[in-house]
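Text of work07.json (JSON, C-alpha atoms and all ligand atoms) as supplied:
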```json
[["chain", "number", "residue", "atom", "x", "y", "z"],
["A", 1, "MET", "CA", -15.92, 15.42, -3.30],
["A", 2, "ASN", "CA", -13.73, 12.75, -1.75],
["A", 3, "ALA", "CA", -15.42, 9.59, -0.47],
["A", 4, "PRO", "CA", -15.20, 9.15, 3.31],
["A", 5, "LEU", "CA", -12.54, 6.63, 4.19],
["A", 6, "HIS", "CA", -14.86, 3.90, 5.39],
["A", 7, "THR", "CA", -16.81, 3.91, 2.11],
["A", 8, "LEU", "CA", -13.69, 3.28, 0.02],
["A", 9, "ARG", "CA", -13.59, -0.25, -1.26],
["A", 10, "ARG", "CA", -10.07, -1.55, -1.54],
["A", 11, "HIS", "CA", -9.57, -3.16, -4.92],
["A", 12, "LYS", "CA", -7.04, -5.91, -5.20],
["A", 13, "LEU", "CA", -3.76, -4.10, -5.68],
["A", 14, "ARG", "CA", -2.08, -5.43, -8.81],
["A", 15, "LEU", "CA", 1.68, -5.88, -8.92],
["A", 16, "GLY", "CA", 3.36, -5.04, -12.19],
["A", 17, "VAL", "CA", 6.91, -6.37, -12.26],
["A", 18, "ASN", "CA", 9.31, -4.26, -14.28],
["A", 19, "ILE", "CA", 11.92, -6.50, -15.89],
["A", 20, "ASP", "CA", 14.14, -3.80, -17.45],
["A", 21, "HIS", "CA", 17.09, -4.57, -15.25],
["A", 22, "VAL", "CA", 17.18, -8.23, -16.18],
["A", 23, "ALA", "CA", 18.09, -6.85, -19.59],
["A", 24, "THR", "CA", 20.57, -4.42, -17.99],
["A", 25, "ILE", "CA", 22.47, -7.37, -16.51],
["A", 26, "ARG", "CA", 22.33, -9.28, -19.78],
["A", 27, "ASN", "CA", 23.57, -6.27, -21.74],
["A", 28, "ALA", "CA", 26.54, -5.83, -19.42],
["A", 29, "ARG", "CA", 28.04, -8.85, -21.20],
["A", 30, "GLY", "CA", 26.01, -9.09, -24.39],
["A", 31, "GLY", "CA", 24.61, -12.50, -25.24],
["A", 32, "LEU", "CA", 21.30, -13.89, -24.09],
["A", 33, "HIS", "CA", 21.55, -14.45, -20.34],
["A", 34, "PRO", "CA", 19.64, -13.58, -18.21],
["A", 35, "ASP", "CA", 16.57, -13.58, -20.45],
["A", 36, "PRO", "CA", 13.84, -11.02, -19.67],
["A", 37, "VAL", "CA", 11.16, -13.36, -21.03],
["A", 38, "ARG", "CA", 12.20, -16.08, -18.58],
["A", 39, "ALA", "CA", 11.99, -13.48, -15.81],
["A", 40, "ALA", "CA", 8.51, -12.50, -16.96],
["A", 41, "LEU", "CA", 7.32, -16.12, -16.95],
["A", 42, "LEU", "CA", 8.77, -16.64, -13.49],
["A", 43, "ALA", "CA", 7.15, -13.41, -12.29],
["A", 44, "ALA", "CA", 3.76, -14.75, -13.36],
["A", 45, "GLU", "CA", 4.31, -17.93, -11.31],
["A", 46, "ALA", "CA", 5.40, -15.86, -8.31],
["A", 47, "GLY", "CA", 2.25, -13.74, -8.16],
["A", 48, "ALA", "CA", 2.80, -10.79, -10.51],
["A", 49, "ASP", "CA", -0.31, -9.46, -12.21],
["A", 50, "GLY", "CA", 1.47, -7.78, -15.08],
["A", 51, "ILE", "CA", 4.83, -7.22, -16.72],
["A", 52, "THR", "CA", 6.23, -3.77, -17.33],
["A", 53, "ALA", "CA", 9.05, -2.98, -19.74],
["A", 54, "HIS", "CA", 10.50, 0.36, -20.83],
["A", 55, "LEU", "CA", 11.80, 0.53, -24.37],
["A", 56, "ARG", "CA", 14.06, 3.55, -24.09],
["A", 57, "GLU", "CA", 15.16, 5.62, -27.03],
["A", 58, "ASP", "CA", 18.79, 4.50, -26.48],
["A", 59, "ARG", "CA", 17.77, 0.81, -25.92],
["A", 60, "ARG", "CA", 20.03, 0.67, -22.87],
["A", 61, "HIS", "CA", 18.14, -2.28, -21.40],
["A", 62, "ILE", "CA", 15.03, -3.64, -23.15],
["A", 63, "THR", "CA", 15.59, -4.00, -26.91],
["A", 64, "ASP", "CA", 13.19, -4.23, -29.82],
["A", 65, "ALA", "CA", 13.88, -7.99, -29.93],
["A", 66, "ASP", "CA", 12.96, -8.25, -26.23],
["A", 67, "LEU", "CA", 9.68, -6.51, -26.90],
["A", 68, "ASP", "CA", 8.91, -8.89, -29.79],
["A", 69, "ALA", "CA", 9.72, -11.86, -27.54],
["A", 70, "LEU", "CA", 7.65, -10.55, -24.62],
["A", 71, "VAL", "CA", 4.62, -9.91, -26.80],
["A", 72, "GLY", "CA", 4.92, -13.39, -28.29],
["A", 73, "ASN", "CA", 5.56, -15.38, -25.14],
["A", 74, "ILE", "CA", 3.97, -13.99, -22.01],
["A", 75, "SER", "CA", 0.40, -14.40, -20.91],
["A", 76, "LEU", "CA", 0.31, -11.59, -18.33],
["A", 77, "PRO", "CA", -0.78, -8.16, -19.54],
["A", 78, "LEU", "CA", 2.18, -6.14, -20.83],
["A", 79, "ASN", "CA", 2.58, -2.50, -19.82],
["A", 80, "LEU", "CA", 4.95, -0.75, -22.23],
["A", 81, "GLU", "CA", 6.63, 2.32, -20.79],
["A", 82, "MET", "CA", 7.39, 4.74, -23.59],
["A", 83, "ALA", "CA", 8.37, 8.29, -24.34],
["A", 84, "ALA", "CA", 5.89, 10.47, -26.21],
["A", 85, "THR", "CA", 7.66, 10.21, -29.57],
["A", 86, "ASP", "CA", 6.54, 9.19, -33.05],
["A", 87, "GLU", "CA", 8.98, 6.27, -33.01],
["A", 88, "MET", "CA", 7.54, 4.84, -29.78],
["A", 89, "LEU", "CA", 3.99, 5.46, -30.91],
["A", 90, "GLY", "CA", 4.69, 3.42, -34.06],
["A", 91, "ILE", "CA", 6.19, 0.59, -32.00],
["A", 92, "ALA", "CA", 3.26, 0.58, -29.57],
["A", 93, "LEU", "CA", 0.72, 0.53, -32.40],
["A", 94, "LYS", "CA", 2.58, -2.36, -34.04],
["A", 95, "HIS", "CA", 2.72, -4.47, -30.86],
["A", 96, "ARG", "CA", -0.53, -3.38, -29.21],
["A", 97, "PRO", "CA", 0.44, -4.08, -25.60],
["A", 98, "HIS", "CA", -2.34, -4.19, -23.03],
["A", 99, "ALA", "CA", -1.21, -0.82, -21.70],
["A", 100, "ALA", "CA", 1.18, 2.01, -22.45],
["A", 101, "CYS", "CA", 2.58, 4.25, -19.74],
["A", 102, "ILE", "CA", 3.89, 7.51, -21.15],
["A", 103, "VAL", "CA", 7.01, 8.63, -19.31],
["A", 104, "PRO", "CA", 9.37, 11.57, -19.75],
["A", 105, "GLU", "CA", 12.75, 10.53, -21.09],
["A", 106, "ARG", "CA", 16.06, 12.31, -21.11],
["A", 107, "ARG", "CA", 19.05, 10.61, -22.65],
["A", 108, "ALA", "CA", 21.45, 11.60, -19.87],
["A", 109, "GLU", "CA", 19.29, 10.43, -16.98],
["A", 110, "ARG", "CA", 20.11, 7.23, -15.12],
["A", 111, "THR", "CA", 16.45, 6.34, -14.69],
["A", 112, "THR", "CA", 13.12, 8.14, -15.14],
["A", 113, "GLU", "CA", 13.84, 11.12, -12.95],
["A", 114, "GLY", "CA", 10.76, 13.30, -12.97],
["A", 115, "GLY", "CA", 7.13, 13.00, -13.84],
["A", 116, "LEU", "CA", 5.64, 13.86, -17.20],
["A", 117, "ASP", "CA", 4.64, 17.50, -17.62],
["A", 118, "ALA", "CA", 1.07, 16.65, -18.59],
["A", 119, "ALA", "CA", 0.06, 20.22, -17.91],
["A", 120, "GLY", "CA", 2.74, 21.81, -20.12],
["A", 121, "GLN", "CA", 2.75, 19.22, -22.90],
["A", 122, "HIS", "CA", -0.94, 18.97, -23.66],
["A", 123, "ASN", "CA", -0.51, 19.48, -27.39],
["A", 124, "VAL", "CA", 2.25, 16.88, -27.73],
["A", 125, "LEU", "CA", 0.46, 14.29, -25.60],
["A", 126, "ALA", "CA", -3.13, 14.65, -26.85],
["A", 127, "PRO", "CA", -2.63, 13.09, -30.33],
["A", 128, "ILE", "CA", -0.43, 10.28, -28.96],
["A", 129, "ILE", "CA", -2.96, 9.41, -26.27],
["A", 130, "SER", "CA", -5.82, 9.34, -28.72],
["A", 131, "ARG", "CA", -3.93, 7.18, -31.26],
["A", 132, "LEU", "CA", -3.06, 4.68, -28.50],
["A", 133, "GLN", "CA", -6.61, 4.64, -27.17],
["A", 134, "ASP", "CA", -8.07, 4.21, -30.66],
["A", 135, "ALA", "CA", -5.89, 1.09, -30.95],
["A", 136, "GLY", "CA", -7.41, -0.28, -27.72],
["A", 137, "ILE", "CA", -4.29, 0.34, -25.63],
["A", 138, "ARG", "CA", -4.96, 1.53, -22.06],
["A", 139, "VAL", "CA", -2.97, 4.71, -21.54],
["A", 140, "SER", "CA", -1.43, 5.90, -18.33],
["A", 141, "LEU", "CA", 0.65, 9.00, -17.65],
["A", 142, "PHE", "CA", 3.54, 8.88, -15.18],
["A", 143, "ILE", "CA", 3.20, 12.10, -13.23],
["A", 144, "ALA", "CA", 4.29, 13.79, -10.03],
["A", 145, "PRO", "CA", 1.65, 13.67, -7.27],
["A", 146, "GLU", "CA", 0.42, 17.21, -8.00],
["A", 147, "ALA", "CA", -3.14, 18.42, -8.50],
["A", 148, "ARG", "CA", -2.29, 20.38, -11.64],
["A", 149, "GLN", "CA", -0.79, 17.30, -13.29],
["A", 150, "LEU", "CA", -3.77, 15.16, -12.29],
["A", 151, "GLU", "CA", -6.16, 17.75, -13.67],
["A", 152, "ALA", "CA", -4.14, 17.93, -16.89],
["A", 153, "ALA", "CA", -4.22, 14.13, -17.21],
["A", 154, "ALA", "CA", -7.99, 14.16, -16.80],
["A", 155, "ARG", "CA", -8.30, 16.94, -19.43],
["A", 156, "LEU", "CA", -6.21, 14.82, -21.79],
["A", 157, "GLY", "CA", -8.65, 11.93, -21.38],
["A", 158, "ALA", "CA", -6.04, 9.53, -19.99],
["A", 159, "PRO", "CA", -7.92, 6.86, -18.02],
["A", 160, "VAL", "CA", -4.98, 6.04, -15.74],
["A", 161, "VAL", "CA", -2.15, 7.89, -14.05],
["A", 162, "GLU", "CA", 0.86, 6.44, -12.29],
["A", 163, "LEU", "CA", 2.04, 8.54, -9.37],
["A", 164, "HIS", "CA", 5.82, 8.96, -9.20],
["A", 165, "THR", "CA", 6.88, 7.54, -5.83],
["A", 166, "GLY", "CA", 10.57, 8.39, -6.37],
["A", 167, "PRO", "CA", 10.64, 11.44, -4.05],
["A", 168, "TYR", "CA", 8.83, 9.41, -1.34],
["A", 169, "SER", "CA", 11.21, 6.46, -1.79],
["A", 170, "HIS", "CA", 14.29, 8.64, -1.68],
["A", 171, "ALA", "CA", 13.19, 10.82, 1.24],
["A", 172, "VAL", "CA", 15.63, 10.52, 4.13],
["A", 173, "THR", "CA", 14.33, 12.15, 7.29],
["A", 174, "GLU", "CA", 11.06, 11.20, 8.96],
["A", 175, "ALA", "CA", 9.69, 14.65, 8.18],
["A", 176, "GLU", "CA", 10.56, 14.30, 4.49],
["A", 177, "VAL", "CA", 9.00, 10.83, 4.30],
["A", 178, "ALA", "CA", 5.83, 12.13, 5.99],
["A", 179, "ALA", "CA", 5.63, 15.14, 3.66],
["A", 180, "GLU", "CA", 6.09, 13.00, 0.53],
["A", 181, "MET", "CA", 3.55, 10.46, 1.79],
["A", 182, "ALA", "CA", 1.07, 13.27, 2.44],
["A", 183, "ARG", "CA", 1.51, 14.40, -1.19],
["A", 184, "LEU", "CA", 0.76, 10.85, -2.37],
["A", 185, "VAL", "CA", -2.32, 10.62, -0.13],
["A", 186, "ARG", "CA", -3.67, 13.94, -1.44],
["A", 187, "ALA", "CA", -2.91, 12.99, -5.04],
["A", 188, "ALA", "CA", -4.57, 9.58, -4.69],
["A", 189, "GLU", "CA", -7.71, 11.28, -3.37],
["A", 190, "THR", "CA", -7.69, 14.02, -5.99],
["A", 191, "GLY", "CA", -7.05, 11.62, -8.86],
["A", 192, "ALA", "CA", -9.78, 9.20, -7.79],
["A", 193, "ALA", "CA", -12.21, 12.11, -7.42],
["A", 194, "LEU", "CA", -11.36, 13.10, -11.02],
["A", 195, "GLY", "CA", -12.28, 9.57, -12.12],
["A", 196, "LEU", "CA", -8.70, 8.49, -12.86],
["A", 197, "GLU", "CA", -7.54, 4.94, -12.16],
["A", 198, "MET", "CA", -4.60, 5.41, -9.83],
["A", 199, "HIS", "CA", -1.31, 3.53, -10.05],
["A", 200, "ALA", "CA", 2.05, 4.25, -8.42],
["A", 201, "GLY", "CA", 5.67, 3.25, -8.73],
["A", 202, "HIS", "CA", 9.38, 4.00, -8.65],
["A", 203, "GLY", "CA", 11.89, 3.16, -5.96],
["A", 204, "LEU", "CA", 9.57, 0.90, -3.96],
["A", 205, "THR", "CA", 11.14, -1.70, -1.66],
["A", 206, "PHE", "CA", 10.02, -4.13, 1.07],
["A", 207, "ASP", "CA", 10.69, -1.36, 3.60],
["A", 208, "ASN", "CA", 8.77, 1.48, 2.01],
["A", 209, "VAL", "CA", 5.96, -0.23, 0.08],
["A", 210, "GLY", "CA", 3.58, -0.55, 3.07],
["A", 211, "PRO", "CA", 2.09, 2.96, 3.33],
["A", 212, "VAL", "CA", 1.76, 3.21, -0.46],
["A", 213, "ALA", "CA", 0.09, -0.20, -0.76],
["A", 214, "ALA", "CA", -2.40, 0.81, 1.92],
["A", 215, "LEU", "CA", -3.76, 3.72, -0.15],
["A", 216, "ALA", "CA", -7.28, 2.60, -0.93],
["A", 217, "GLN", "CA", -7.48, 4.47, -4.24],
["A", 218, "LEU", "CA", -4.56, 2.61, -5.83],
["A", 219, "HIS", "CA", -5.11, -0.23, -8.26],
["A", 220, "GLU", "CA", -1.55, -1.09, -9.29],
["A", 221, "LEU", "CA", 2.07, -0.72, -8.25],
["A", 222, "ASN", "CA", 4.93, -1.09, -10.73],
["A", 223, "ILE", "CA", 8.17, -2.27, -9.16],
["A", 224, "GLY", "CA", 11.42, -3.24, -10.81],
["A", 225, "HIS", "CA", 14.92, -2.32, -9.72],
["A", 226, "PHE", "CA", 14.61, -3.44, -6.10],
["A", 227, "LEU", "CA", 13.12, -6.81, -7.06],
["A", 228, "ILE", "CA", 15.84, -7.56, -9.59],
["A", 229, "GLY", "CA", 18.50, -6.54, -7.05],
["A", 230, "GLU", "CA", 16.89, -8.64, -4.33],
["A", 231, "ALA", "CA", 16.76, -11.58, -6.73],
["A", 232, "VAL", "CA", 20.56, -11.74, -6.51],
["A", 233, "PHE", "CA", 20.17, -12.72, -2.86],
["A", 234, "THR", "CA", 16.94, -14.69, -2.67],
["A", 235, "GLY", "CA", 15.94, -15.53, -6.24],
["A", 236, "LEU", "CA", 13.39, -13.62, -8.31],
["A", 237, "GLY", "CA", 10.39, -15.78, -7.43],
["A", 238, "PRO", "CA", 10.80, -15.41, -3.64],
["A", 239, "ALA", "CA", 11.50, -11.66, -3.98],
["A", 240, "ILE", "CA", 8.28, -11.14, -5.95],
["A", 241, "ALA", "CA", 6.27, -13.39, -3.64],
["A", 242, "ARG", "CA", 7.52, -11.44, -0.61],
["A", 243, "MET", "CA", 6.62, -8.11, -2.25],
["A", 244, "ARG", "CA", 3.16, -9.47, -3.13],
["A", 245, "ALA", "CA", 2.68, -10.55, 0.50],
["A", 246, "ALA", "CA", 3.90, -7.19, 1.85],
["A", 247, "MET", "CA", 1.41, -5.37, -0.39],
["A", 248, "ASP", "CA", -1.47, -7.66, 0.60],
["A", 249, "GLU", "CA", -0.71, -7.44, 4.31],
["A", 250, "SER", "CA", -0.47, -3.67, 4.26],
["A", 251, "ARG", "CA", -3.72, -3.39, 2.33],
["A", 252, "ALA", "CA", -5.50, -5.70, 4.75],
["A", 253, "ARG", "CA", -4.20, -3.64, 7.70],
["A", 254, "GLY", "CA", -5.41, -0.45, 6.00],
["A", 255, "ALA", "CA", -8.87, -1.92, 5.46],
["A", 256, "ALA", "CA", -9.04, -3.10, 9.09],
["A", 257, "ALA", "CA", -8.02, 0.36, 10.31],
["A", 258, "ASP", "CA", -10.74, 2.00, 8.16],
["A", 259, "ALA", "CA", -13.33, -0.44, 9.48],
["A", 260, "ALA", "CA", -12.31, 0.30, 13.08],
["A", 261, "ARG", "CA", -12.70, 4.06, 12.42],
["A", 262, "ALA", "CA", -16.10, 3.70, 10.71],
["B", 1, "LIG", "N1", 7.03, 3.15, -13.06],
["B", 1, "LIG", "C1", 7.65, 3.87, -14.01],
["B", 1, "LIG", "C2", 6.82, 4.75, -14.89],
["B", 1, "LIG", "C3", 9.04, 3.78, -14.22],
["B", 1, "LIG", "O1", 9.64, 4.50, -15.18],
["B", 1, "LIG", "C4", 9.78, 2.89, -13.41],
["B", 1, "LIG", "C5", 11.25, 2.74, -13.64],
["B", 1, "LIG", "O2", 11.48, 2.21, -14.89],
["B", 1, "LIG", "C6", 9.08, 2.15, -12.44],
["B", 1, "LIG", "C7", 7.72, 2.31, -12.27],
["B", 1, "LIG", "C8", 9.78, 1.16, -11.56],
["B", 1, "LIG", "O3", 10.72, 1.80, -10.76],
["B", 1, "LIG", "P1", 11.79, 0.92, -9.97],
["B", 1, "LIG", "O4", 12.59, 0.20, -11.00],
["B", 1, "LIG", "O5", 12.54, 1.93, -9.20],
["B", 1, "LIG", "O6", 11.00, -0.02, -9.10]]
```

Translate this structure into structure tokens?
Ligand code: PXP
Amino acid sequence: MNAPLHTLRRHKLRLGVNIDHVATIRNARGGLHPDPVRAALLAAEAGADGITAHLREDRRHITDADLDALVGNISLPLNLEMAATDEMLGIALKHRPHAACIVPERRAERTTEGGLDAAGQHNVLAPIISRLQDAGIRVSLFIAPEARQLEAAARLGAPVVELHTGPYSHAVTEAEVAAEMARLVRAAETGAALGLEMHAGHGLTFDNVGPVAALAQLHELNIGHFLIGEAVFTGLGPAIARMRAAMDESRARGAAADAARA
């Protein structure tokens, strides 16, 4: 049963900064600049709680050398986004990041387009999740905000899921935004009731982060592309600090609204 709103304690909402697109810019020219490790160190100073990096099969942005350098040089917890493949499992077990987020990956996609089919891929995911967990790596599954995916994640024993906020972020009309937000609200409630730690991410910006950050069940948001783009205009530190403040303000407003209703 879902907890009544006023009994929900709002945890501090962690901000994981995804630095993939620092590497995208570097790779456009080759060479070493801009350096994802430098971005990760700056993110820590600016208020990030974690660093997220996706080592894709085609190494289009983060490379194996980047992963080595991140593991060796950053003090924030590292969340490695990875496909459910033997190659990525081996890399994760070698580096032992704080967390691994299993994502679907298709070579032709521009970014992670859909959520993981946790329901349909039980047999592929189960051994990978247990090997990661045995190594002390916290596993999350990046899934669409759907009850059947949440239930599948819980059956798989994943302690964390990250809700795909792409459809919410890309919704255009007010009705679409409201419908996608309602799916996130329902999923956050369902997931928390199943005992899952709830995270969310994809496509979040200063303009759309508020309602997501206010969801009491969430513990972490992972945000990348917008912050790296915004860094072109304001610098990375100020962009991250502004996102951190937007999340905190929205969460405080949500808590005040719950208290007023109680
Ligand atoms: N979470 C996951 C699982 C992702 O794959 C991505 C994109 O790499 C993000 C969060 C961050 O999305 P964005 O770069 O759009 O903020």

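When CA of Ala256 (chain A) is paired with CA of Ala214 (chain A), their separation reads 10.5 Å.
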
Closest of A:Gly166, A:Gly30, A:Gly114, A:Gly210 to Ala245 (chain A), counting only C-alpha atoms, is A:Gly210

For Glu249 (chain A), please output as a PyMOL selection string all residues within 12 Å (counting all atoms listed in the file; exclusion window: fewer than 3 positions along the same chain).
chain A and resi 12-13+206+209-214+242-246+252-256

Practice problem: Do a neighbour search on Leu93 (chain A) at 7 Å with only C-alpha atoms, toss out local chain neighbours closer than 4 positions, and write the hits as a PyMOL selection string. | Solution: chain A and resi 89+132+135

Enumerate as a compact mmCIF listing (two decimals) with C-alpha atoms, in the coordinates of the input the residues within 6 Å of ligand LIG 1 (chain B), counting only C-alpha atoms and all ligand atoms.
```txt
# COMPACT_ATOMS: atom_id res chain seq x y z
CA VAL A 103 7.01 8.63 -19.31
CA THR A 112 13.12 8.14 -15.14
CA PHE A 142 3.54 8.88 -15.18
CA GLY A 201 5.67 3.25 -8.73
CA HIS A 202 9.38 4.00 -8.65
CA GLY A 203 11.89 3.16 -5.96
CA LEU A 204 9.57 0.90 -3.96
CA ASN A 222 4.93 -1.09 -10.73
CA ILE A 223 8.17 -2.27 -9.16
CA GLY A 224 11.42 -3.24 -10.81
CA HIS A 225 14.92 -2.32 -9.72
CA PHE A 226 14.61 -3.44 -6.10
```

With distances taken over all atoms listed in the file, the candidate from A:Gly229, A:Gly16, A:Pro97, A:Pro159 nearest Leu67 (chain A) is A:Pro97

Glu220 (chain A) proximity check over A:Thr173, A:Asn73, A:Asn27, A:Thr52, using only C-alpha atoms: winner is A:Thr52

Original post:
Could you work out how far CA of Arg96 (chain A) lies from CA of Val71 (chain A), giving the answer in Å with one decimal?
Top reply: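 Separation between CA of Val71 (chain A) and CA of Arg96 (chain A): 8.7 Å.
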
List as a PyMOL selection string the protein and nucleic acid residues near Arg138 (chain A), meaning an atom at most 8 Å away when only C-alpha atoms are counted, but skip any in the same chain fewer than 3 places from it.
chain A and resi 98-100+132-133+159-160

Task: Within 8 Å of Ala43 (chain A) using all atoms listed in the file, minus same-chain residues under 2 positions, as a list in words - done: Val17, Ala39, Ala40, Leu41, Glu45, Ala46, Gly47, Ala48, Ile51, Leu236, Gly237 and Ile240 of chain A

Separating CA of Ile129 (chain A) from CA of Pro77 (chain A), to the nearest tenth of an Å, is a gap of 18.9 Å

Enclose all atoms of region 229-233 of chain A listed in the file in an axis-aligned box, grow every side by 5 Å, and hand back centre and edge lengths in Å to one decimal, as lines of an AutoDock Vina configuration file.
```
center_x = 18.7
center_y = -9.6
center_z = -5.0
size_x = 13.8
size_y = 16.2
size_z = 14.2
```

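Across A:Glu57, A:Glu151, A:Glu146, A:Asp86, the tightest approach to Val185 (chain A) is made by A:Glu146 when counting only C-alpha atoms.
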
Of A:Phe233, A:Gly157, A:Leu150, A:His170, the one sitting nearest Glu189 (chain A) when using only C-alpha atoms is A:Leu150

Considering all atoms listed in the file, return as an MDAnalysis selection string whatever protein or nucleic-acid residues lie within 9 Å of Met198 (chain A), sequence-local ones (same chain, fewer than 3 positions apart) excluded.
chainID A and resid 159:163 188 191:192 217:220

Query raised in the report: Out of A:Leu125, A:Leu42, A:Arg110, A:Asp66, which residue has the shortest atom-to-atom distance to His95 (chain A) when counting only C-alpha atoms?
Result: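 With only C-alpha atoms as the atom set, the closest residue is A:Asp66.
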